[in-house]
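Shown next, in C-alpha cells, is the structure this report addresses.
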Amino acid sequence: MTMIMVSYRRADAQDMAGRIADYLIAKYGEKSVFFDVNSIPTGVNYRNRIEKAILGSDVIVAVIGLHWIGQNPDGKTPRLHDPGDPVRVEIESAMKHDKPILPLLVNGAAMPEESELPESLRELHSYNGARIDSGQDFRFHMQRLVDSISETLGASDQPPPTSTGAPVLWRLGRPWIYGAGALILAGALGVLLWPGASFEWPIVRSSPIPDAAPEAIPASITAQAKAHGGFIFPDSDQRFLGEADLKGLSLAELRVARNEIFARRGRFFVDQTLANYFSQFSWYHPRQVDVDLSPLESTNINTIQLAERQK
C-alpha cells in the first residue's frame with residue numbers, strides 16, 4: 001500500500017494543502033495519506049509522531065507557499081531557521097531517511113534560494129518543484145503529481161487486471177524494473193511454481209528485507225507468543241513501537257513480530273514456515289496475500305525492518 005505524507009506550513013497553505021490531501025485521499029484511500037491535521041491525535045508528541053510517519057511513508061509531498069520560509073515582519077530569524085520548526089523537522093527527517101520529496105509550489109510561490117534555507121535543507125534548492133494552480137487547472141496539475149508519484153515509486157497507480165486471483169507481482173516494482181523487470185518477474189514465477197519452493201512475499205515495497213526463512217520458528221517464540229494471546233506485540237495495531245520495544249529481540253522474534261501485523265489482517269502466507277506458525281493461533285484467519293494496513297501498522301513494519309537491518 002502506497003503511503004504519502006503531505007507536509008505544509010499552516011500559516012500560508014492550509015486550505016490548498018487540505019485540497020491536495022483530499023485529492024490524494026480520493027485517489028489512494030484515506031489510510032494511504034498522512035495529513036497531520038487529521039492524523040495526529042490530541043496529546044501525542046508531534047516530533048516523535050512525525051518521525052514515525054515519515055519512516056512509514058513512500059513519498060513526501062512538500063506544499064510550499066509564499067510564507068513557507070516563515071519570514072517574520074519584525075526582522076527576527078525566519079521560522080525555518082529554528083531547529084524546532086515543525087516544517088524544518090519534517091523535511092530534515094525526510095532527507096535523513098532518504099525519502100523522495102516532491103515539492104509543490106502553491107499561491108505563486110517559487111522554490112526557495114539556497115541563501116534562504118538553513119544549511120541542513122540547502123539541498124532542497126536543487127529539487128524540481130511543480131506548480132499547483134487552485135483554479136481550473138487544479139485537477140490537471142494533480143494528475144501530473146499522481147504520475148510523478150507513480151514514477152517515483154516505480155509502479156502504475158492502477159493495478160493490472162488479473163483473472164486468477166493470484167498474487168500481483170507488479171507490486172515489487174521499482175524504477176529499475178522497467179529494463180530487467182521481465183527477467184526478474186520470470187525468475188520469481190519460476191521459483192513460485194517450482195515443486196517444494198518456499199517464498200515469502202516482500203513485506204513493504206519501500207524497503208523490502210529478504211527473508212532467509214529458518215527451518216522452523218523456535219519453540220521459545222511460540223511459548224512467548226502464547227503467553228500474550230498469540231502475539232509478540234498484541235497491540236502493534238494500536239500503538240507505535242519504539243526502540244525500547246525491540247531492544248534485545250532476536251532476528252527470528254523480529255521476523256515474527258513483523259509478520260504478525262500482516263497475519264492479524266488475514267494475510268495468506270505462501271511461506272509454509274509462517275503459515276504453520278500462525279495457524280496455531282485461533283485469531284489467525286487467512287484470506288488473501290495482499291492486505292491493507294493502517295498508517296500506524298505500516299510505520300511499525302518499517303520500524304521493525306530497521307531493527308532487523310541493524311542485527
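Here's how to read the names in the C-alpha cells: chain A, B, ... by the order shown, residue numbers from 1 in each chain, ligand numbers from 1 in the order shown.
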- Item | Near-A:Leu293 list (8 Å; only C-alpha atoms; drop same-chain fewer than 3 positions) as an MDAnalysis selection string | chainID A and resid 1 31 262 265 296:298
Can those selected residues be exported to a file as a PDB file, in the first residue's frame so that it contains N, CA and C atoms?
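Writing done, so here's again_33.pdb:
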```pdb
ATOM      1  N   MET A   1       0.837  -1.191   0.000  1.00  0.00           N
ATOM      2  CA  MET A   1       0.000   0.000   0.000  1.00  0.00           C
ATOM      3  C   MET A   1       0.876   1.246   0.000  1.00  0.00           C
ATOM      4  N   LYS A  31      -6.363   5.733   4.274  1.00  0.00           N
ATOM      5  CA  LYS A  31      -5.291   5.117   5.051  1.00  0.00           C
ATOM      6  C   LYS A  31      -3.925   5.322   4.414  1.00  0.00           C
ATOM      7  N   PHE A 262       0.746  -8.456   9.627  1.00  0.00           N
ATOM      8  CA  PHE A 262       0.027  -8.859   8.431  1.00  0.00           C
ATOM      9  C   PHE A 262      -0.931 -10.009   8.717  1.00  0.00           C
ATOM     10  N   ARG A 265      -4.252  -9.109   9.930  1.00  0.00           N
ATOM     11  CA  ARG A 265      -5.130  -8.603   8.873  1.00  0.00           C
ATOM     12  C   ARG A 265      -5.630  -9.706   7.932  1.00  0.00           C
ATOM     13  N   LEU A 296      -0.464   3.468  11.000  1.00  0.00           N
ATOM     14  CA  LEU A 296       0.250   3.059  12.212  1.00  0.00           C
ATOM     15  C   LEU A 296       0.929   1.711  12.000  1.00  0.00           C
ATOM     16  N   GLU A 297       0.213   0.754  11.429  1.00  0.00           N
ATOM     17  CA  GLU A 297       0.780  -0.572  11.202  1.00  0.00           C
ATOM     18  C   GLU A 297       1.937  -0.512  10.208  1.00  0.00           C
ATOM     19  N   SER A 298       1.781   0.276   9.146  1.00  0.00           N
ATOM     20  CA  SER A 298       2.859   0.420   8.169  1.00  0.00           C
ATOM     21  C   SER A 298       4.110   1.011   8.809  1.00  0.00           C
TER      22      SER A 298
END
```
- Message: as a ChimeraX atom specification, please: every residue in stretch 240-306 of chain A that a backbone DSSP assignment puts in helix (DSSP H, G or I).
- Response: /A:243-246,251-264,272-278,295-306
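Ranking A:Glu90, A:Asp235, A:Asp271, A:Asp36 by their shortest atom-to-atom distance to A:Asn300, with only C-alpha atoms included, puts A:Asp235 first.
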- Item | Residue with smallest distance to A:Gly56 - pool A:Asp98, A:Asp85, A:Asp74, A:Asp22, counting only C-alpha atoms |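 Closest to A:Gly56, using only C-alpha atoms: A:Asp98.
Neighbours of A:Glu51 closer than or equal to 9 Å, with only C-alpha atoms counted and sequence neighbours fewer than 2 positions away skipped, come out as A:Tyr46, A:Arg47, A:Asn48, A:Arg49, A:Ala53, A:Ile54, A:Leu55, A:Gly56, A:Val89, A:Glu90, A:Ser93, A:Ala94.
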- Message: Give me the residues near A:Leu246 as a list of chain:residue names, where near means some atom within 10 Å (using only C-alpha atoms) and where sequence neighbours in that chain fewer than 3 positions away do not count.
- Response: A:Phe233, A:Leu241, A:Gly242, A:Glu243, A:Leu249, A:Ser250, A:Glu253, A:Leu254, A:Ala257, A:Thr303, A:Ile304, A:Ala307, A:Glu308
Stretch 34-103 of chain A near stretch 119-131 of chain A within 12 Å: what's each residue's closest atom pair and its distance in Å to one decimal, counting only C-alpha atoms, ordered by chain then ascending residue number, as a tab-separated table?
```
residue	atom	partner	partner_atom	distance
A:Val61	CA	A:Gly129	CA	10.4
A:Ala62	CA	A:Gly129	CA	9.3
A:Val63	CA	A:Gly129	CA	9.6
A:Ile64	CA	A:Gly129	CA	9.0
A:Gly65	CA	A:Arg131	CA	10.3
A:Ile69	CA	A:Leu121	CA	11.3
A:Leu80	CA	A:Leu121	CA	9.4
A:His81	CA	A:Glu119	CA	9.0
A:Asp82	CA	A:Ser120	CA	11.4
A:Pro83	CA	A:Ser120	CA	9.7
A:Val87	CA	A:Leu121	CA	10.8
A:Arg88	CA	A:Leu121	CA	7.9
A:Val89	CA	A:Leu121	CA	10.1
A:Glu90	CA	A:Leu121	CA	10.7
A:Ile91	CA	A:Leu121	CA	7.5
A:Glu92	CA	A:Leu121	CA	6.7
A:Ser93	CA	A:Leu121	CA	10.3
A:Ala94	CA	A:Leu121	CA	10.5
A:Met95	CA	A:Leu121	CA	8.4
A:Lys96	CA	A:Ser120	CA	9.9
A:Pro100	CA	A:Tyr127	CA	10.3
A:Ile101	CA	A:Tyr127	CA	8.2
A:Leu102	CA	A:Gly129	CA	6.9
A:Pro103	CA	A:Gly129	CA	4.8
```
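In this structure, atom CA of A:Ser57 sits 5.5 Å away from atom CA of A:Ile4.
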- Compare A:Gly154, A:Gly70, A:Gly135, A:Pro118 by their minimum atom-to-atom distance to A:Thr2, counting only C-alpha atoms, and give me the closest one.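 Result for the nearest residue to A:Thr2: A:Gly154.
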- Could you pull the residues within 12 Å of A:Tyr23, counting only C-alpha atoms, minus those fewer than 2 positions along the same chain, as a list in words?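 Here the qualifying residues turn out to be Ile4, Val6, Met16, Ala17, Gly18, Arg19, Ile20, Ala21, Ile25, Ala26, Lys27, Tyr28, Gly29, Glu30, Ser32, Val33, Phe35, Phe138, Arg139, Phe140, His141, Met142, Gln143, Leu145 and Val146 of chain A.
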Go ahead and save the picked residues with N, CA and C atoms, as a PDB file, in the first residue's frame.
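What landed in selection_13.pdb:
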```pdb
ATOM      1  N   ILE A   4       1.689   8.214   1.595  1.00  0.00           N
ATOM      2  CA  ILE A   4       2.062   9.567   1.186  1.00  0.00           C
ATOM      3  C   ILE A   4       1.889  10.504   2.368  1.00  0.00           C
ATOM      4  N   VAL A   6       1.783  14.515   3.475  1.00  0.00           N
ATOM      5  CA  VAL A   6       1.654  15.891   2.991  1.00  0.00           C
ATOM      6  C   VAL A   6       2.229  16.824   4.057  1.00  0.00           C
ATOM      7  N   MET A  16      -5.059  25.111   0.677  1.00  0.00           N
ATOM      8  CA  MET A  16      -4.535  24.455  -0.507  1.00  0.00           C
ATOM      9  C   MET A  16      -4.014  23.071  -0.156  1.00  0.00           C
ATOM     10  N   ALA A  17      -3.302  22.958   0.957  1.00  0.00           N
ATOM     11  CA  ALA A  17      -2.774  21.660   1.371  1.00  0.00           C
ATOM     12  C   ALA A  17      -3.917  20.685   1.645  1.00  0.00           C
ATOM     13  N   GLY A  18      -4.990  21.187   2.245  1.00  0.00           N
ATOM     14  CA  GLY A  18      -6.139  20.332   2.513  1.00  0.00           C
ATOM     15  C   GLY A  18      -6.785  19.834   1.234  1.00  0.00           C
ATOM     16  N   ARG A  19      -6.845  20.704   0.238  1.00  0.00           N
ATOM     17  CA  ARG A  19      -7.429  20.309  -1.051  1.00  0.00           C
ATOM     18  C   ARG A  19      -6.552  19.256  -1.737  1.00  0.00           C
ATOM     19  N   ILE A  20      -5.230  19.452  -1.642  1.00  0.00           N
ATOM     20  CA  ILE A  20      -4.295  18.480  -2.216  1.00  0.00           C
ATOM     21  C   ILE A  20      -4.428  17.136  -1.507  1.00  0.00           C
ATOM     22  N   ALA A  21      -4.503  17.184  -0.171  1.00  0.00           N
ATOM     23  CA  ALA A  21      -4.646  15.949   0.599  1.00  0.00           C
ATOM     24  C   ALA A  21      -5.952  15.239   0.250  1.00  0.00           C
ATOM     25  N   ILE A  25      -6.321  11.480  -1.108  1.00  0.00           N
ATOM     26  CA  ILE A  25      -7.132  10.503  -0.380  1.00  0.00           C
ATOM     27  C   ILE A  25      -8.141   9.848  -1.314  1.00  0.00           C
ATOM     28  N   ALA A  26      -8.760  10.661  -2.188  1.00  0.00           N
ATOM     29  CA  ALA A  26      -9.720  10.114  -3.146  1.00  0.00           C
ATOM     30  C   ALA A  26      -9.042   9.146  -4.109  1.00  0.00           C
ATOM     31  N   LYS A  27      -7.768   9.403  -4.399  1.00  0.00           N
ATOM     32  CA  LYS A  27      -7.030   8.572  -5.354  1.00  0.00           C
ATOM     33  C   LYS A  27      -6.484   7.308  -4.717  1.00  0.00           C
ATOM     34  N   TYR A  28      -5.893   7.455  -3.517  1.00  0.00           N
ATOM     35  CA  TYR A  28      -5.180   6.333  -2.909  1.00  0.00           C
ATOM     36  C   TYR A  28      -5.893   5.723  -1.697  1.00  0.00           C
ATOM     37  N   GLY A  29      -6.870   6.436  -1.143  1.00  0.00           N
ATOM     38  CA  GLY A  29      -7.549   5.947   0.052  1.00  0.00           C
ATOM     39  C   GLY A  29      -7.086   6.687   1.300  1.00  0.00           C
ATOM     40  N   GLU A  30      -7.973   6.824   2.264  1.00  0.00           N
ATOM     41  CA  GLU A  30      -7.687   7.615   3.469  1.00  0.00           C
ATOM     42  C   GLU A  30      -6.514   7.061   4.257  1.00  0.00           C
ATOM     43  N   SER A  32      -3.888   5.809   3.184  1.00  0.00           N
ATOM     44  CA  SER A  32      -2.626   5.959   2.467  1.00  0.00           C
ATOM     45  C   SER A  32      -2.062   7.373   2.532  1.00  0.00           C
ATOM     46  N   VAL A  33      -2.776   8.310   3.143  1.00  0.00           N
ATOM     47  CA  VAL A  33      -2.329   9.704   3.178  1.00  0.00           C
ATOM     48  C   VAL A  33      -2.230  10.184   4.618  1.00  0.00           C
ATOM     49  N   PHE A  35      -1.902  13.351   6.818  1.00  0.00           N
ATOM     50  CA  PHE A  35      -2.110  14.796   6.801  1.00  0.00           C
ATOM     51  C   PHE A  35      -2.279  15.205   8.249  1.00  0.00           C
ATOM     52  N   PHE A 138      -6.414  22.786 -11.635  1.00  0.00           N
ATOM     53  CA  PHE A 138      -6.021  22.054 -10.435  1.00  0.00           C
ATOM     54  C   PHE A 138      -5.979  20.544 -10.680  1.00  0.00           C
ATOM     55  N   ARG A 139      -7.041  19.994 -11.260  1.00  0.00           N
ATOM     56  CA  ARG A 139      -7.111  18.547 -11.465  1.00  0.00           C
ATOM     57  C   ARG A 139      -6.014  18.077 -12.432  1.00  0.00           C
ATOM     58  N   PHE A 140      -5.740  18.891 -13.455  1.00  0.00           N
ATOM     59  CA  PHE A 140      -4.676  18.548 -14.391  1.00  0.00           C
ATOM     60  C   PHE A 140      -3.331  18.485 -13.671  1.00  0.00           C
ATOM     61  N   HIS A 141      -3.064  19.512 -12.831  1.00  0.00           N
ATOM     62  CA  HIS A 141      -1.806  19.534 -12.089  1.00  0.00           C
ATOM     63  C   HIS A 141      -1.716  18.372 -11.110  1.00  0.00           C
ATOM     64  N   MET A 142      -2.822  18.033 -10.480  1.00  0.00           N
ATOM     65  CA  MET A 142      -2.810  16.936  -9.519  1.00  0.00           C
ATOM     66  C   MET A 142      -2.596  15.591 -10.211  1.00  0.00           C
ATOM     67  N   GLN A 143      -3.146  15.428 -11.411  1.00  0.00           N
ATOM     68  CA  GLN A 143      -2.893  14.185 -12.134  1.00  0.00           C
ATOM     69  C   GLN A 143      -1.414  14.058 -12.482  1.00  0.00           C
ATOM     70  N   LEU A 145       0.917  15.228 -10.614  1.00  0.00           N
ATOM     71  CA  LEU A 145       1.527  14.825  -9.349  1.00  0.00           C
ATOM     72  C   LEU A 145       1.385  13.322  -9.143  1.00  0.00           C
ATOM     73  N   VAL A 146       0.193  12.793  -9.411  1.00  0.00           N
ATOM     74  CA  VAL A 146      -0.030  11.349  -9.279  1.00  0.00           C
ATOM     75  C   VAL A 146       0.918  10.580 -10.196  1.00  0.00           C
TER      76      VAL A 146
END
```
- Item | atom CA of A:Phe278 to atom CA of A:Arg264, straight-line distance in Å | 9.4 Å
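Counting from atom CA of A:His228, the distance to atom CA of A:Leu251 is 19.2 Å.
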- Message: Can you tell me, as a list in words, which residues in stretch 89-134 of chain A count as strand (DSSP E or B) by DSSP?
- Response: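 Answer for stretch 89-134 of chain A restricted to strand (DSSP E or B) is Ile101, Leu102, Pro103, Leu104, Leu105, Ala130 and Arg131 of chain A.
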- Item | Selected residue, from A:Val256, A:Leu306, A:Ala275, A:Val270, that lies nearest to A:Val289 when counting only C-alpha atoms |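 For A:Val289, the nearest of the candidates is A:Val270.
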